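**Student:** The following block contains the structure, expressed as structure tokens.
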Amino acid sequence: MLAFAVTDRLAPSTQGVLPGASVVGPDSVPVNGSALFENGLIRCEKTNAEAAALSLQINLDAGALASIGAALLPDGTALRPMGELVLQTCLLPDRDRPYLLSLELARHRVMLILNKLEEWQAFDMLADDPAMPILEKARDAFTQALVALPRNAGDTGLPDDEADRLALRALWIALEASERLAMRQAQIDFGAQARADMHAQAADDLGAAQPVLHPTRSGLVLPQPPAVGVTISPLVYSDAAKQLATRCADFITMPMRWIEMEPAEGEYAFARTDRWIEWAVRSAKLPVVAGPVIDFRPHAVPEWLYIWENDYDTLRELVYEHMKAVVTRYRRTVTRWTVCSGLHANRNFSFTFEQMIDLTRICVLVTRKLHPKAKVQIEIVEPWGEHHSADRRSLPPTLYAEMLAQAGVQFDALALRVQMGVPRPGLGTRDLMAFSAMLDQYAALDRPVALSAVGVPAAPVPHEPEDEDALPRSGGSWRQPWSTRAQADWASAYLAVALAKPYVQSVCWQDLADPPDSAEMPLGALADAGGAPRPVAERFADLRASIAKGQMPEPVGLLKAGARAATPQPAG
């Protein structure tokens with residue numbers, strides 16, 4: 001069996017199936033399975049006996065921090081709450097006695113840091129960085145936890161309290177070290193000049209204007225600096241919104257959801273989208289990214305389409321005709337198309353593997369035929385792939401991307417939808433290093449990467465279960481509960497890391513202004529429903545301006561070194 005012992009420090013709040021937990025196999029690919037919590041044990045139910053890891057949401061709040069005792073980091077700052085984060089263990093074989101969850105979470109985090117430093121070839125570059133002594137302290141704390149673990153630990157199914165306390169401290173310190181190192185690496189790689197230098201080093205012809213393979217890491221180096229954009233709901237249109245878009249964005253994205261473009265079969269409603277595109281092209285001189293055009297998530301599908309959900313041949317023809325109508329209308333104004341989104345997750349409408357690939361190919365071919373000069377990208381939702389652990393009909397997102405390439409589908413870039421902090425499947429909060437590592441995983445596919453919708457809410461989002469029997473779920477948080485300040489601090493850190501990646505071609509915030517009845521993330525826009533900018537808008541504009549300067553803004557808010565403890569107490 002694969003089971004984990006937990007103390008009250010990390011114990012889930014409810015018994016039974018753990019919402020959001022998943023079983024992960026080699027190469028961070030989720031495998032079919034589930035996790036159940038009962039009587040102090042988390043048991044992983046999986047379909048094979050191969051080594052696997054557990055991924056689950058852990059609350060590292062002030063209460064959990066108090067339970068491990070006071071600890072100071074080497075720079076004299078105190079440990080701080082990390083928030084409620086999705087973390088995972090290393091791959092572990094089945095065995096008769098349970099593992100200690102806190103110890104295995106700490107083991108994975110230390111391993112992840114060392115692996116990323118090696119991939120970045122940053123051991124020498126960061127040798128004198130203030131974060132390196134923190135990493136060493138985390139390794140020492142992990143060793144102390146191993147020594148404290150009795151040899152017969154777990155024989156009774158009960159974890160050792162002292163080993164658990166030390167292991168959780170090691171995890172906490174390692175998380176702090178990992179986030180600081182991710183930010184430090186981003187500072188090194190950030191800016192147009194840093195990317196130009198990397199591209200010149202990698203290109204045989206220094207004048208080459210095409211993406212080239214990175215000389216030392218996986219992934220591409222793009223010759224041009226990344227662009228910063230924002231998605232605009234066609235339901236929002238005002239002078240204030242236009243001014244904010246002009247200040248914050250290099251381009252705009254028009255979603256073009258099927259339900260908004262063709263609310264009744266055969267009756268298109270282009271007017272609201274037209275006015276934004278006309279403004280962007282004629283007045284603001286901003287490039288337009290369109291899509292996703294085909295998206296079968298519930299909020300994007302018109303009611304009349306459900307008649308054909310079990311008739312694939314007819315549905316395929318409808319997809320073809322819809323793509324043809326939309327691309328034909330906007331091909332003179334759109335520069336890049338997100339042709340489809342989330343087909344690999346297989347939610348709402350159910351497709352076979354062959355049908356997922358076929359629909360993707362149709363979307364790409366129609367766009368290529370009607371608008372050959374445009375760039376085409378395919379959108380990945382829930383990029384960590386938890387959906388595949390719970391639904392065997394879905395595809396892991398990285399496998400979906402690989403199969404598209406093998407099937408000869410000619411797309412220009414992968415678009416990742418990275419939204420966090422919402423109590424829905426796949427939208428749990430990850431830490432900064434996990435975010436950076438996920439981007440690097442997609443870079444290994446040797447395609448440019450675009451973040452097509454990125455963001456977090458400006459206030460906690462309550463869980464609204466789809467049915468009465470649904471278990472309570474949390475979207476998590478990063479270092480403190482969601483607020484306008486937390487949203488802005490998250491954007492400063494996470495977007496800086498993304499924009500520093502040499503293979504990232506663009507980053508797009510999920511909404512310009514809160515639309516009425518937001519189906520994806522309430523309170524997640526740069527401005528509120530009245531058009532008043534939130535603090536995140538200023539951070540977003542600062543990042544945009546910093547790209548050309550080649551210098552990342554100084555870390556602000558939650559990622560700055562914490563205040564020194566009033567009464568220093570060395571770690572035990």
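Simple scheme: letters A, B, ... for chains in structure tokens order, numbers from 1 for residues in each chain, numbers from 1 for ligands in the order shown.
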For region 173-187 of chain A, find every residue with an atom within 7 Å (counting only C-alpha atoms), except residues of its own chain fewer than 3 positions away, and show them as a PDB file with C-alpha atoms, in the first residue's frame.
**Tutor:**
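Saved as out_13.pdb:
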```pdb
ATOM      1  CA  ARG A 109      11.076  20.006  -1.898  1.00  0.00           C
ATOM      2  CA  VAL A 110      14.802  19.709  -1.196  1.00  0.00           C
ATOM      3  CA  ILE A 113      15.513  22.740  -5.449  1.00  0.00           C
ATOM      4  CA  ALA A 131      19.103  32.043  -0.235  1.00  0.00           C
ATOM      5  CA  ILE A 134      18.632  28.943   3.851  1.00  0.00           C
ATOM      6  CA  LEU A 135      18.768  25.876   1.603  1.00  0.00           C
ATOM      7  CA  ALA A 138      16.612  23.198   5.256  1.00  0.00           C
ATOM      8  CA  ARG A 169      10.189  22.801   9.875  1.00  0.00           C
ATOM      9  CA  ALA A 170      12.482  21.461   7.140  1.00  0.00           C
ATOM     10  CA  PHE A 190      14.924  39.052 -16.858  1.00  0.00           C
ATOM     11  CA  LEU A 432       6.632  30.012  -6.882  1.00  0.00           C
ATOM     12  CA  MET A 433       9.156  27.206  -7.424  1.00  0.00           C
ATOM     13  CA  ALA A 496       8.326  38.153 -13.155  1.00  0.00           C
ATOM     14  CA  VAL A 497       9.339  34.495 -13.069  1.00  0.00           C
ATOM     15  CA  ALA A 500      12.167  35.864 -17.365  1.00  0.00           C
ATOM     16  CA  MET A 552      13.181  43.351 -12.903  1.00  0.00           C
TER      17      MET A 552
END
```
**Student:** Would you list the contacts of Gln410 (chain A) as a list of chain:residue names, taking every protein, DNA or RNA residue within 9 Å and counting only C-alpha atoms, but skipping same-chain residues closer than 4 positions in sequence?
**Tutor:**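 Listing them by chain and then by number gives A:Arg361, A:Val364, A:Leu365, A:Arg368, A:Val376, A:Leu404, A:Ala405.
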**Student:** With only C-alpha atoms as the counted atoms, please give the residues lying no more than 10 Å from Arg544 (chain A), apart from itself and same-chain residues fewer than 4 positions off, as a list in words.
**Tutor:**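 After dropping sequence-adjacent residues, the list is Pro226, Ala227, Val228, Gly229, Arg247, Cys248, Ala249, Asp250, Ala496, Leu499, Val507, Glu538, Arg539, Phe540, Ala548, Lys549 and Met552 of chain A.
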**Student:** Can you check which residues of region 307-386 of chain A DSSP gives as helix (DSSP H, G or I) on the backbone and send them as a PyMOL selection string?
**Tutor:** chain A and resi 307-308+312-330+343-345+353-370+386
